[in-house]
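Raw contents of input-v3.cif, mmCIF, C-alpha atoms and all ligand atoms:
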data_start
loop_
_atom_site.label_atom_id
_atom_site.label_comp_id
_atom_site.auth_asym_id
_atom_site.auth_seq_id
_atom_site.Cartn_x
_atom_site.Cartn_y
_atom_site.Cartn_z
CA MET A 29 16.52 -21.23 -15.85
CA THR A 30 15.90 -19.01 -18.85
CA ALA A 31 12.89 -16.91 -17.89
CA ALA A 32 13.41 -13.20 -17.49
CA THR A 33 12.98 -11.88 -13.96
CA LEU A 34 10.72 -9.13 -12.73
CA THR A 35 12.03 -7.90 -9.39
CA ILE A 36 9.47 -5.98 -7.33
CA ASP A 37 10.78 -3.91 -4.45
CA LEU A 38 8.00 -4.06 -1.85
CA ASN A 39 9.95 -1.66 0.38
CA ALA A 40 9.74 0.89 -2.43
CA VAL A 41 5.99 0.26 -2.79
CA VAL A 42 5.58 0.91 0.94
CA ALA A 43 7.82 3.99 0.74
CA ASN A 44 5.71 5.34 -2.12
CA TRP A 45 2.50 4.73 -0.17
CA GLN A 46 3.99 6.56 2.83
CA ALA A 47 5.18 9.44 0.64
CA LEU A 48 1.71 9.80 -0.93
CA ASN A 49 0.14 9.52 2.52
CA ALA A 50 2.36 12.38 3.71
CA LEU A 51 0.86 14.67 1.04
CA SER A 52 -2.48 14.80 2.84
CA VAL A 53 -3.31 15.66 6.44
CA SER A 54 -3.57 12.79 8.90
CA GLU A 55 -7.40 12.79 8.95
CA VAL A 56 -7.35 11.74 5.29
CA GLU A 57 -7.01 7.99 4.82
CA THR A 58 -4.62 6.79 2.11
CA ALA A 59 -5.92 3.58 0.55
CA ALA A 60 -4.25 1.47 -2.16
CA VAL A 61 -5.50 0.47 -5.61
CA VAL A 62 -4.39 -3.06 -6.45
CA LYS A 63 -6.61 -3.81 -9.45
CA ALA A 64 -5.33 -5.81 -12.44
CA ASN A 65 -3.24 -8.00 -10.14
CA GLY A 66 -1.57 -5.01 -8.53
CA TYR A 67 -0.86 -3.32 -11.90
CA GLY A 68 0.71 -6.57 -13.03
CA LEU A 69 3.13 -6.84 -10.12
CA GLY A 70 1.16 -9.23 -7.89
CA ALA A 71 -1.89 -8.08 -5.90
CA GLY A 72 -1.24 -10.51 -3.03
CA PRO A 73 2.35 -9.52 -2.18
CA VAL A 74 1.70 -5.80 -2.78
CA ALA A 75 -1.48 -5.69 -0.68
CA GLY A 76 0.13 -7.82 2.03
CA ALA A 77 3.10 -5.46 2.34
CA LEU A 78 0.87 -2.38 2.38
CA ALA A 79 -1.49 -3.85 4.98
CA GLN A 80 1.52 -4.53 7.19
CA ALA A 81 2.62 -0.93 6.71
CA GLY A 82 -0.80 0.27 7.86
CA ALA A 83 -3.03 0.52 4.76
CA ARG A 84 -6.64 -0.17 5.80
CA SER A 85 -8.55 0.04 2.50
CA PHE A 86 -7.89 -1.57 -0.88
CA PHE A 87 -9.58 -1.16 -4.25
CA VAL A 88 -9.95 -3.70 -7.07
CA ALA A 89 -11.74 -3.50 -10.43
CA LEU A 90 -13.60 -6.82 -10.27
CA ALA A 91 -14.97 -8.91 -7.42
CA GLU A 92 -12.79 -11.85 -8.56
CA GLU A 93 -9.71 -9.72 -7.93
CA GLY A 94 -10.79 -9.20 -4.34
CA VAL A 95 -10.24 -12.85 -3.48
CA ALA A 96 -6.42 -12.77 -3.67
CA VAL A 97 -6.39 -9.46 -1.83
CA ARG A 98 -8.60 -10.76 0.99
CA LYS A 99 -6.31 -13.79 1.38
CA ALA A 100 -3.26 -11.52 1.57
CA VAL A 101 -4.56 -8.88 3.99
CA GLY A 102 -6.70 -10.91 6.41
CA ASN A 103 -10.18 -10.03 7.63
CA ASP A 104 -9.83 -6.45 8.82
CA PRO A 105 -9.06 -4.20 5.83
CA ALA A 106 -11.90 -2.99 3.60
CA ILE A 107 -11.80 -4.15 -0.03
CA TYR A 108 -13.84 -2.02 -2.45
CA VAL A 109 -14.88 -3.09 -5.96
CA PHE A 110 -14.99 -0.36 -8.63
CA SER A 111 -17.29 -2.27 -11.01
CA GLY A 112 -19.91 -2.45 -8.28
CA LEU A 113 -22.17 -5.43 -8.67
CA MET A 114 -22.07 -7.54 -11.80
CA ASN A 115 -24.27 -10.55 -12.47
CA THR A 116 -22.52 -13.35 -10.64
CA ASP A 117 -20.86 -11.30 -7.91
CA ILE A 118 -23.16 -11.82 -4.92
CA PRO A 119 -21.49 -15.01 -3.57
CA LEU A 120 -17.98 -13.55 -3.93
CA ILE A 121 -18.99 -10.31 -2.24
CA ARG A 122 -20.59 -12.23 0.61
CA ASP A 123 -17.89 -14.88 1.08
CA TYR A 124 -14.92 -12.48 0.92
CA THR A 125 -16.63 -9.49 2.56
CA LEU A 126 -16.05 -7.19 -0.40
CA ILE A 127 -17.69 -3.78 -0.64
CA PRO A 128 -19.17 -2.99 -4.06
CA LEU A 129 -19.18 0.62 -5.25
CA LEU A 130 -22.66 0.61 -6.79
CA ASN A 131 -22.72 2.39 -10.13
CA SER A 132 -26.43 2.60 -10.97
CA ALA A 133 -29.88 2.48 -9.43
CA LYS A 134 -30.18 -0.96 -11.01
CA GLN A 135 -27.07 -2.22 -9.20
CA LEU A 136 -28.43 -0.75 -5.97
CA VAL A 137 -31.75 -2.63 -6.28
CA LYS A 138 -30.00 -5.90 -7.13
CA PHE A 139 -27.63 -5.52 -4.21
CA ARG A 140 -30.44 -4.77 -1.76
CA MET A 141 -32.25 -7.90 -2.90
CA GLY A 142 -29.19 -10.14 -2.78
CA LEU A 143 -27.42 -8.88 0.34
CA PRO A 144 -29.80 -6.62 2.27
CA ASP A 145 -27.53 -5.99 5.26
CA ALA A 146 -24.08 -5.94 3.67
CA PRO A 147 -21.97 -2.77 3.46
CA TYR A 148 -21.70 -0.91 0.16
CA GLY A 149 -20.43 2.28 -1.39
CA VAL A 150 -21.64 4.39 -4.29
CA GLN A 151 -19.84 5.76 -7.33
CA ILE A 152 -21.12 8.91 -9.01
CA ASP A 153 -20.23 10.39 -12.40
CA THR A 154 -18.95 13.96 -12.15
CA GLY A 155 -17.85 14.34 -15.75
CA MET A 156 -15.86 11.33 -16.95
CA SER A 157 -18.91 9.51 -18.40
CA ARG A 158 -17.47 6.10 -17.66
CA LEU A 159 -18.66 4.58 -14.37
CA GLY A 160 -21.02 5.78 -11.70
CA MET A 161 -24.48 7.31 -11.40
CA PRO A 162 -24.99 10.50 -13.40
CA LEU A 163 -26.66 13.39 -11.58
CA SER A 164 -30.14 12.62 -12.95
CA GLU A 165 -30.00 9.08 -11.55
CA PHE A 166 -28.24 10.02 -8.32
CA ILE A 167 -30.96 12.53 -7.40
CA MET A 168 -33.48 9.70 -7.44
CA VAL A 169 -31.54 7.45 -5.04
CA ARG A 170 -29.84 10.06 -2.84
CA ASP A 171 -32.24 9.51 0.06
CA LYS A 172 -31.93 5.75 -0.18
CA ILE A 173 -28.16 5.49 0.15
CA VAL A 174 -27.66 7.17 3.51
CA LYS A 175 -26.12 3.98 4.89
CA ALA A 176 -23.41 3.76 2.23
CA ASP A 177 -19.98 3.85 3.84
CA LEU A 178 -18.17 5.62 1.00
CA ILE A 179 -19.07 7.73 -2.01
CA ILE A 180 -16.53 8.15 -4.79
CA SER A 181 -16.01 9.73 -8.18
CA HIS A 182 -13.02 9.72 -10.55
CA LEU A 183 -11.15 12.58 -12.25
CA ALA A 184 -10.63 12.34 -16.01
CA CYS A 185 -7.73 14.80 -16.31
CA ALA A 186 -5.86 14.73 -12.99
CA ASP A 187 -2.52 14.11 -14.69
CA GLU A 188 -2.88 17.54 -16.35
CA PRO A 189 -2.97 19.94 -13.37
CA ASP A 190 -4.06 22.92 -15.48
CA HIS A 191 -6.94 21.18 -17.21
CA THR A 192 -10.17 23.06 -16.52
CA GLN A 193 -12.10 19.82 -16.05
CA ASN A 194 -10.37 19.18 -12.70
CA LYS A 195 -12.03 22.16 -11.04
CA GLN A 196 -15.36 21.41 -12.72
CA GLN A 197 -15.39 17.84 -11.45
CA LEU A 198 -14.33 19.01 -7.99
CA GLN A 199 -17.27 21.40 -7.93
CA HIS A 200 -19.74 18.78 -9.15
CA PHE A 201 -18.51 16.29 -6.58
CA SER A 202 -18.79 18.81 -3.75
CA GLU A 203 -22.31 19.81 -4.79
CA MET A 204 -23.60 16.29 -5.41
CA THR A 205 -22.34 15.03 -2.03
CA ARG A 206 -23.14 18.10 0.09
CA GLY A 207 -24.97 17.15 3.27
CA LEU A 208 -24.26 13.44 2.99
CA SER A 209 -22.64 11.89 6.05
CA MET A 210 -20.64 9.01 4.54
CA ARG A 211 -16.94 9.35 3.73
CA ARG A 212 -16.04 10.88 0.37
CA SER A 213 -13.24 10.08 -2.09
CA LEU A 214 -12.36 11.80 -5.38
CA SER A 215 -8.66 11.38 -5.97
CA ALA A 216 -6.27 8.79 -7.38
CA THR A 217 -2.52 9.51 -7.72
CA GLY A 218 -2.97 12.56 -9.94
CA GLY A 219 -5.67 14.08 -7.73
CA ILE A 220 -3.52 13.75 -4.60
CA LEU A 221 -0.93 15.94 -6.33
CA LEU A 222 -3.58 18.57 -7.16
CA GLY A 223 -3.68 19.52 -3.49
CA PRO A 224 -5.82 19.34 -0.35
CA ASP A 225 -9.07 20.55 -1.97
CA TYR A 226 -9.13 17.25 -3.82
CA HIS A 227 -8.43 14.95 -0.86
CA PHE A 228 -11.78 14.73 1.00
CA ASP A 229 -11.79 11.76 3.47
CA LEU A 230 -9.93 9.10 1.51
CA VAL A 231 -7.47 9.09 -1.39
CA ARG A 232 -6.88 6.04 -3.55
CA PRO A 233 -3.54 6.00 -5.36
CA GLY A 234 -2.62 3.23 -7.76
CA VAL A 235 0.16 3.96 -10.24
CA GLY A 236 2.17 6.13 -7.84
CA LEU A 237 2.58 3.14 -5.51
CA TYR A 238 4.23 1.26 -8.35
CA GLY A 239 6.68 4.04 -9.14
CA GLY A 240 4.84 5.52 -12.13
CA GLU A 241 3.97 8.96 -13.49
CA PRO A 242 2.42 11.32 -12.53
CA PHE A 243 4.09 10.73 -9.14
CA SER A 244 7.51 11.90 -10.28
CA ASN A 245 9.07 11.61 -6.80
CA ALA A 246 8.29 7.90 -6.62
CA ALA A 247 10.95 5.38 -5.64
CA PRO A 248 11.55 2.89 -8.47
CA VAL A 249 9.78 -0.41 -7.83
CA VAL A 250 10.41 -2.58 -10.89
CA THR A 251 13.55 -4.11 -12.37
CA VAL A 252 13.35 -6.31 -15.46
CA SER A 253 16.39 -8.51 -15.97
CA ILE A 254 16.73 -10.70 -19.05
CA PRO A 255 19.13 -13.64 -19.58
CA VAL A 256 21.56 -13.50 -22.50
CA ILE A 257 21.12 -16.65 -24.60
CA GLN A 258 24.05 -16.21 -26.98
CA THR A 259 26.32 -13.66 -28.61
CA ARG A 260 27.73 -13.52 -32.13
CA ASN A 261 30.15 -11.38 -34.12
CA ILE A 262 28.89 -9.96 -37.39
CA THR A 263 30.62 -8.00 -40.13
CA ALA A 264 29.71 -4.55 -41.44
CA GLY A 265 26.77 -4.92 -43.83
CA GLN A 266 25.20 -7.92 -42.07
CA SER A 267 21.62 -7.48 -40.87
CA VAL A 268 19.94 -8.36 -37.57
CA GLY A 269 16.41 -9.68 -37.03
CA TYR A 270 13.11 -9.70 -38.93
CA GLY A 271 12.87 -7.66 -42.09
CA ALA A 272 16.66 -7.20 -42.00
CA ALA A 273 15.64 -3.86 -40.56
CA TRP A 274 18.98 -3.08 -38.91
CA VAL A 275 22.27 -3.37 -40.74
CA ALA A 276 25.65 -3.18 -38.99
CA LYS A 277 27.77 -0.19 -40.03
CA ARG A 278 30.86 -1.68 -38.44
CA PRO A 279 31.98 -5.12 -37.28
CA SER A 280 29.65 -5.70 -34.30
CA LYS A 281 28.94 -8.04 -31.44
CA ILE A 282 25.24 -8.86 -31.01
CA ALA A 283 23.71 -10.42 -27.89
CA THR A 284 20.35 -12.21 -28.10
CA LEU A 285 18.20 -11.94 -24.95
CA ALA A 286 15.31 -14.13 -23.79
CA ALA A 287 12.34 -11.74 -23.68
CA GLY A 288 10.21 -10.07 -26.34
CA TYR A 289 6.85 -8.59 -27.12
CA ALA A 290 5.07 -11.57 -25.55
CA ASP A 291 6.59 -10.28 -22.30
CA GLY A 292 5.17 -6.80 -22.73
CA LEU A 293 8.32 -5.40 -24.36
CA ILE A 294 6.11 -4.26 -27.15
CA ARG A 295 7.42 -4.20 -30.68
CA ALA A 296 7.29 -0.41 -30.94
CA ILE A 297 10.19 -0.01 -28.48
CA GLY A 298 12.53 -1.33 -31.21
CA ASP A 299 12.46 2.08 -32.89
CA GLY A 300 12.51 4.11 -29.69
CA GLY A 301 16.23 4.35 -28.95
CA MET A 302 15.91 2.11 -25.90
CA MET A 303 18.91 0.69 -24.10
CA VAL A 304 19.55 -2.55 -22.31
CA TRP A 305 21.94 -2.25 -19.40
CA ALA A 306 24.99 -4.31 -18.49
CA GLY A 307 25.45 -3.02 -14.96
CA ASN A 308 25.86 0.73 -15.52
CA VAL A 309 26.68 0.45 -19.23
CA PRO A 310 23.85 1.06 -21.72
CA CYS A 311 23.77 -0.97 -24.95
CA PRO A 312 21.30 -0.15 -27.75
CA ILE A 313 18.52 -2.49 -28.84
CA VAL A 314 19.04 -3.16 -32.56
CA GLY A 315 16.68 -4.80 -35.05
CA ARG A 316 13.04 -5.59 -34.46
CA VAL A 317 11.74 -6.95 -31.18
CA SER A 318 10.62 -10.57 -31.69
CA MET A 319 7.97 -12.43 -29.70
CA ASP A 320 10.48 -14.04 -27.33
CA LEU A 321 13.77 -12.34 -28.15
CA LEU A 322 15.59 -9.01 -28.19
CA THR A 323 18.85 -8.28 -30.01
CA VAL A 324 21.33 -5.85 -28.51
CA ASP A 325 24.55 -4.26 -29.79
CA VAL A 326 27.15 -5.16 -27.15
CA THR A 327 30.20 -4.27 -29.24
CA GLU A 328 31.40 -1.79 -26.63
CA LEU A 329 31.26 -4.22 -23.71
CA LYS A 330 34.49 -5.81 -22.51
CA ARG A 331 32.54 -8.71 -21.07
CA VAL A 332 28.95 -9.70 -21.82
CA PRO A 333 27.12 -10.52 -18.56
CA ASP A 334 24.67 -13.42 -18.03
CA HIS A 335 21.76 -10.99 -17.62
CA MET A 336 20.98 -7.47 -18.81
CA GLU A 337 18.34 -5.03 -17.57
CA ILE A 338 15.73 -3.23 -19.67
CA ILE A 339 13.83 -1.59 -16.79
CA ASN A 340 15.85 -0.23 -13.87
CA PRO A 341 16.48 3.12 -12.18
CA HIS A 342 18.35 4.37 -15.32
CA GLN A 343 15.47 3.57 -17.65
CA THR A 344 12.10 3.48 -15.93
CA VAL A 345 8.77 1.93 -16.84
CA ASP A 346 7.67 5.37 -18.03
CA ASP A 347 10.78 5.84 -20.21
CA VAL A 348 10.13 2.54 -21.97
CA ALA A 349 6.42 3.32 -22.24
CA LYS A 350 7.15 6.68 -23.87
CA ALA A 351 9.51 5.07 -26.40
CA ALA A 352 6.68 2.72 -27.32
CA GLY A 353 4.09 5.49 -27.61
CA THR A 354 2.13 4.41 -24.54
CA ILE A 355 1.89 5.10 -20.79
CA GLY A 356 3.47 3.49 -17.74
CA TYR A 357 0.12 1.97 -16.69
CA GLU A 358 -0.12 -0.03 -19.91
CA MET A 359 3.53 -1.03 -19.81
CA LEU A 360 3.25 -2.34 -16.23
CA THR A 361 0.08 -4.30 -16.85
CA SER A 362 1.52 -5.79 -20.06
CA LEU A 363 4.56 -7.39 -18.44
CA GLY A 364 2.77 -10.71 -18.41
CA GLY A 365 2.86 -14.13 -16.85
CA ARG A 366 6.12 -15.47 -18.23
CA TYR A 367 8.42 -13.57 -15.86
CA LYS A 368 9.70 -15.06 -12.68
CA ARG A 369 8.51 -12.55 -10.07
CA ASP A 370 10.97 -11.91 -7.24
CA TYR A 371 9.93 -9.82 -4.25
CA VAL A 372 12.36 -7.75 -2.25
CA ASN A 373 10.94 -7.32 1.21
CA GLY A 374 12.31 -5.71 4.35
C1 LIG A 401 -7.43 2.91 -11.44
C2 LIG A 401 -8.22 3.80 -10.58
C3 LIG A 401 -7.62 4.49 -9.51
C4 LIG A 401 -6.12 4.55 -9.34
O1 LIG A 401 -5.62 5.43 -10.33
P1 LIG A 401 -4.06 5.81 -10.47
O2 LIG A 401 -4.05 6.84 -11.52
O3 LIG A 401 -3.37 4.55 -10.87
O4 LIG A 401 -3.59 6.30 -9.15
C5 LIG A 401 -8.45 5.18 -8.63
N1 LIG A 401 -9.79 5.23 -8.83
C6 LIG A 401 -10.40 4.62 -9.87
C7 LIG A 401 -11.87 4.72 -10.02
C8 LIG A 401 -9.63 3.89 -10.78
O5 LIG A 401 -10.23 3.29 -11.82
#
Would you kindly transcribe this structure into structure tokens?
Amino acid sequence: MTAATLTIDLNAVVANWQALNALSVSEVETAAVVKANGYGLGAGPVAGALAQAGARSFFVALAEEGVAVRKAVGNDPAIYVFSGLMNTDIPLIRDYTLIPLLNSAKQLVKFRMGLPDAPYGVQIDTGMSRLGMPLSEFIMVRDKIVKADLIISHLACADEPDHTQNKQQLQHFSEMTRGLSMRRSLSATGGILLGPDYHFDLVRPGVGLYGGEPFSNAAPVVTVSIPVIQTRNITAGQSVGYGAAWVAKRPSKIATLAAGYADGLIRAIGDGGMMVWAGNVPCPIVGRVSMDLLTVDVTELKRVPDHMEIINPHQTVDDVAKAAGTIGYEMLTSLGGRYKRDYVNG
């Protein structure tokens, strides 16, 4: 058994959902975004745990992603699809009772033709210019979507509370949806933290459930533990890894671990001062990150353990992401298929 292990604490995911839920009043529903295979952690187990804890609505990016979620949560919860209706989606939407968030008048017409009586939602563009009907298009269909069960939009700058675009988008959303009777949703994790004006009828956190910024009070969800393959003693002046980029200044003990950039531990973390942990003792990564291997200076350890951790409560997904010049979202979704995924469940 040499694969690195990704341990996912489903109790922490549930605790994060409950903590985010507690930030809005009880009339506001807190849904869960489980797109991209639950941000890389496993959409089925995550959605299953949240459904058991009381989550009633889930969001995915693509209709295909809804299948695993439907199987995990049973028939009752709603599963919304952000991309709306793409070419081959009708059978999936019908067979798995998914609810597309229609993004254009064209998607609306196609949906009406394919599934005249099925439920749907609508996504409008309030300033992000990415998905959803812009105002000019929305005005034309406003009277035809009265039976939609949800209308959503997405904030571009919610992780920067002082950004002026937050208030602008809030105002556009309020004006565009005024007088409509269906439920309204504007906020993901960042928007929940902006306060009650942004909550409307339903909030839809993703990254905060998985322990990531901007939800800084989140319980840590992910631990990445990597087996040590071998250790060696080198003399001062000997180099480690590709490009001989790191040279020992003193006699050193180097451990080689079985995970690399093919496991989402992207090459840029090699220069970021990241540690790998032996229990509570941090040991620096030295040399370049290889595709399948990491090299670590374990000179200070009395005993080298079988496994060492690169993501844990001492060094979070966001810490590693920052060292690599990226964000927690990208780090999480890059962790990849080679890990053994272990679920801790209460
Ligand atoms: C990904 C996404 C979310 C969840 O965003 P987080 O920042 O992860 O909470 C919500 N709504 C839309 C439209 C999204 O694309």
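Between Ile173 (chain A) and the candidates A:Ala83, A:Met210, A:Cys311, A:Leu230, the tightest atom-to-atom separation, counting only C-alpha atoms, involves A:Met210.
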Quiz prompt | Contacts of Thr251 (chain A) within 7 Å, all atoms listed in the file, excl. fewer than 5 positions in-chain, as a ChimeraX atom specification | solution = /A:34-36,339-340
Self-check item: Residue neighbourhood Leu130 (chain A), 12 Å, only C-alpha atoms, exclusion window fewer than 3 positions, as a PyMOL selection string
Solution: chain A and resi 108-114+127+133-140+147-153+159-161+166+169+173+176-181
Quiz item: Of the candidates A:Ser362, A:Ser157, A:Ser52, A:Ser164, which shows the shortest atom-to-atom distance to Leu222 (chain A), using all atoms listed in the file?
Solution: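 The closest residue to Leu222 (chain A) is A:Ser52.
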Within 12 Å of region 269-272 of chain A, counting all atoms listed in the file, which residues qualify if same-chain residues fewer than 3 places away don't, as a compact mmCIF listing (two decimals) with C-alpha atoms, keeping the file's coordinate frame?
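Final file, part-v1.txt:
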# COMPACT_ATOMS: atom_id res chain seq x y z
CA GLY A 265 26.77 -4.92 -43.83
CA GLN A 266 25.20 -7.92 -42.07
CA VAL A 275 22.27 -3.37 -40.74
CA ALA A 276 25.65 -3.18 -38.99
CA ILE A 282 25.24 -8.86 -31.01
CA ALA A 283 23.71 -10.42 -27.89
CA THR A 284 20.35 -12.21 -28.10
CA ARG A 295 7.42 -4.20 -30.68
CA GLY A 298 12.53 -1.33 -31.21
CA ILE A 313 18.52 -2.49 -28.84
CA VAL A 314 19.04 -3.16 -32.56
CA GLY A 315 16.68 -4.80 -35.05
CA ARG A 316 13.04 -5.59 -34.46
CA VAL A 317 11.74 -6.95 -31.18
CA SER A 318 10.62 -10.57 -31.69
CA MET A 319 7.97 -12.43 -29.70
CA LEU A 321 13.77 -12.34 -28.15
CA LEU A 322 15.59 -9.01 -28.19
CA THR A 323 18.85 -8.28 -30.01
CA VAL A 324 21.33 -5.85 -28.51
Exercise. Residues within 6 Å of ligand LIG 401 (chain A), counting all atoms listed in the file: report them as a ChimeraX atom specification.
Key: /A:61,182,216-217,232-236
Selection from above, C-alpha atoms, as a compact mmCIF listing (two decimals), keeping the file's coordinate frame, can you write it?
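After the write, selection_3.txt holds the following:
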# COMPACT_ATOMS: atom_id res chain seq x y z
CA VAL A 61 -5.50 0.47 -5.61
CA HIS A 182 -13.02 9.72 -10.55
CA ALA A 216 -6.27 8.79 -7.38
CA THR A 217 -2.52 9.51 -7.72
CA ARG A 232 -6.88 6.04 -3.55
CA PRO A 233 -3.54 6.00 -5.36
CA GLY A 234 -2.62 3.23 -7.76
CA VAL A 235 0.16 3.96 -10.24
CA GLY A 236 2.17 6.13 -7.84
Quiz item: By how many Å are CA of Arg170 (chain A) and CA of Ala184 (chain A) apart?
Solution: 23.4 Å
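The space separating CA of His227 (chain A) from CA of Ser215 (chain A) comes to 6.2 Å.
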Quiz item: Which is closest to Ala349 (chain A) among A:Asn131, A:Thr361, A:Ser213, A:Ser244, if we use all atoms listed in the file?
Solution: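 Using all atoms listed in the file, Ala349 (chain A) sits closest to A:Thr361.
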Quiz item: Can you tell me, as a ChimeraX atom specification, which residues sit within 10 Å of (2.5, -11.9, 6.2) in the file's frame, using all atoms listed in the file?
Solution: /A:73,76-77,79-80,100-102
Self-check item: Distance in Å - CA of Ile121 (chain A) versus CA of Thr58 (chain A)
Solution: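 Between these atoms lies a distance of 22.8 Å.
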Exercise. Could you check which of A:Leu329, A:Ala81, A:Leu129, A:Val252 is closest to Arg369 (chain A), using all atoms listed in the file?
Key: A:Val252
Quiz prompt | Among the residues A:Leu90, A:Pro105, A:Ala32, A:Gly207, the one that comes closest to Leu120 (chain A) [using all atoms listed in the file] | solution =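 With all atoms listed in the file as the atom set, the closest residue is A:Leu90.
Using all atoms listed in the file for every distance, the candidate list A:Ile355, A:Pro255, A:Ile294, A:Glu55 yields A:Pro255 as the residue closest to Met336 (chain A).
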Around all listed atoms of region 192-206 of chain A, padded 3 Å per side, what centre and edge lengths does the axis-aligned box have in Å to one decimal, as JSON?
{"center_x": -16.9, "center_y": 19.0, "center_z": -8.2, "size_x": 19.4, "size_y": 14.0, "size_z": 22.6}
Quiz item: At most 12 Å from (-9.8, -9.4, 8.7), file frame, only C-alpha atoms: which residues, as a list in words?
Solution: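 Selection result: Ala79, Arg84, Ser85, Val97, Arg98, Lys99, Ala100, Val101, Gly102, Asn103, Asp104, Pro105, Ala106, Ile107, Tyr124, Thr125 and Leu126 of chain A.
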Quiz prompt | Residue contacts of Pro333 (chain A) (12 Å, all atoms listed in the file) excluding same-chain residues fewer than 3 positions away, as a PyMOL selection string | solution = chain A and resi 253-259+283-285+304-309+311+326+329-330+336-337
Quiz item: Can you tell me, as a list in words, what residues are no more than 6 Å from region 279-281 of chain A when counting only C-alpha atoms, ignoring any on the same chain fewer than 6 positions away?
Solution: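 Answer for this query is Arg260, Asn261, Ile262, Thr263, Ala264, Val326 and Thr327 of chain A.
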